[in-house]
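Step one of this worksheet: look at the structure below.
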Amino acid sequence: MIFKEKFKMGLKDIDKNNLLKNRAILEYLENIGSFHSDVAGYGAEYTGKTGIAWVVLGWKLKVLKRPQYGQELEIHTWAKLGSKVATFRDFEIYDNNQNLCAIATSKWTMVDIRKGKITKINDDVINAYEVETKNVFPELELEKLKIPSDFEYKTEYTIKRKDIDINGHMHNLYYLDLAYEALPEEIYEKRPFDNVNIQYKKEIKLGEKVICKYAKVENKYNVTIFSEDEKNVHAIVELS
């Protein structure tokens, strides 16, 4: 099943050039995925009944033509088969003239909220989503992002209440915000980045302090988010 929804761009969604921001794109994608899950019977409103919740493991976004303010976007999304513990969801974003503006894929797992553990994605879930075989990228799996051996710059951040999602962890979109804050000013001013890759490793909770380290690797800008003691990696964000 290819699920479709229209989104009207707002002021908070655009940059100084009136172009759609990456943060807004990911927010649209997250929302339409949630709407599809609502229809399938596994959305947020059903969590109390099913005892399970979806958790994102990674994003890959490629912007082909960045929409300008005032556009009404039409977004298509569909679920794809993965493994018994992880599945994929692809996206296409179209503008008013039905031009393809962006493509994205994402990887998700299901968590038993009572046990706090990953649970298997059974046939009932697969059938409810009416999975498709269409792929927006030739690679079926998200590429594994590497931690650079050396870093040029770092920042610290303490997780606040505003950062926490319905699962009690820092919301996945705020990792991109952290990455932007960790960029040197001359790199930050190169926005917008048309390629965004995010790989999540370990959740971050309220009050925790994280260390965000920046490095440029082969014309790509890497921000790795570490725990305060730098022993654990929470996420890797790659921009280009």
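Each chain in the structure tokens gets a letter, A, B, ..., in the order shown, and its residues are numbered from 1; ligands are numbered from 1 in order too.
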request  = Pick out the residues sitting within 8 Å of segment 187-203 of chain A, and hand them over as a PyMOL selection string; count only C-alpha atoms, and ignore anything fewer than 2 positions along from it in its own chain.
outcome  = chain A and resi 21-22+56-64+144-145+169-170+176+180+183-185+205+232-240
ask   = Which residues, written as a list in words, have at least one atom at most 9 Å from Leu100 of chain A, with only C-alpha atoms counted and residues fewer than 5 positions away on the same chain left out?
value =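 Here the qualifying residues turn out to be Leu64, Lys65, Glu92, Ile93, Tyr94 and Asp95 of chain A.
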key: Length of the atom CA of Lys6 of chain A to atom CA of Tyr42 of chain A vector [Å]   = 21.2 Å
task = List every residue of segment 22-173 of chain A that DSSP, applied to the backbone, labels as strand (DSSP E), and write the result as a ChimeraX atom specification.
result = /A:52-63,72-80,87-94,100-112,117-119,153-158
task = Could you give me, as a list in words, the residues within 9 Å of Arg114 of chain A, counting only C-alpha atoms and dropping anything in the same chain fewer than 2 positions from it?
result =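 My reading of the contact set: Gly51, Ile52, Val111, Asp112, Gly116 and Lys117 of chain A.
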Put those residues in a file: N, CA, C and O atoms, as a CSV table (one decimal), in the first residue's frame.
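After the write, part_18.csv holds the following:
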chain,number,residue,atom,x,y,z
A,51,GLY,N,0.8,-2.7,23.1
A,51,GLY,CA,2.0,-2.8,24.0
A,51,GLY,C,3.3,-2.7,23.2
A,51,GLY,O,4.3,-2.9,23.8
A,52,ILE,N,3.2,-2.2,22.0
A,52,ILE,CA,4.4,-2.0,21.2
A,52,ILE,C,4.5,-0.6,20.6
A,52,ILE,O,3.5,0.0,20.4
A,111,VAL,N,9.4,-2.2,19.5
A,111,VAL,CA,9.8,-2.4,20.9
A,111,VAL,C,8.6,-2.7,21.8
A,111,VAL,O,7.5,-2.1,21.7
A,112,ASP,N,8.7,-3.7,22.6
A,112,ASP,CA,7.7,-4.0,23.6
A,112,ASP,C,7.9,-3.0,24.7
A,112,ASP,O,8.9,-3.1,25.5
A,116,GLY,N,10.5,-3.2,27.5
A,116,GLY,CA,11.6,-2.4,27.1
A,116,GLY,C,12.6,-3.1,26.1
A,116,GLY,O,13.8,-2.8,26.1
A,117,LYS,N,12.1,-4.1,25.4
A,117,LYS,CA,13.0,-4.8,24.5
A,117,LYS,C,12.4,-4.9,23.1
A,117,LYS,O,11.2,-4.8,22.9
ask   = For Gly10 of chain A, which of A:Ser37, A:Gln68, A:Asn167, A:Thr50 is the closest residue, counting only C-alpha atoms?
value =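 Ranked by minimum distance to Gly10 of chain A, first place goes to A:Gln68.
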key: Distance of atom CA of Leu29 of chain A from atom CA of Ala104 of chain A, expressed in Å to one decimal place   =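 Atom-to-atom, atom CA of Ala104 of chain A and atom CA of Leu29 of chain A are spaced 8.5 Å apart.
Excluding segment 214-216 of chain A itself and same-chain residues fewer than 4 positions from it, the residues having an atom within 7 Å of it are Pro148, Asp150, Phe151, Glu152, Tyr153, Lys154, Ala182, Leu183, Lys220, Tyr221, Asn222, Val223 and Thr224 of chain A, counting only C-alpha atoms.
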ask   = Near Asp229 of chain A, within 10 Å and counting only C-alpha atoms, which residues show up once chain neighbours fewer than 5 positions away are dropped, as a ChimeraX atom specification?
value = /A:209-211
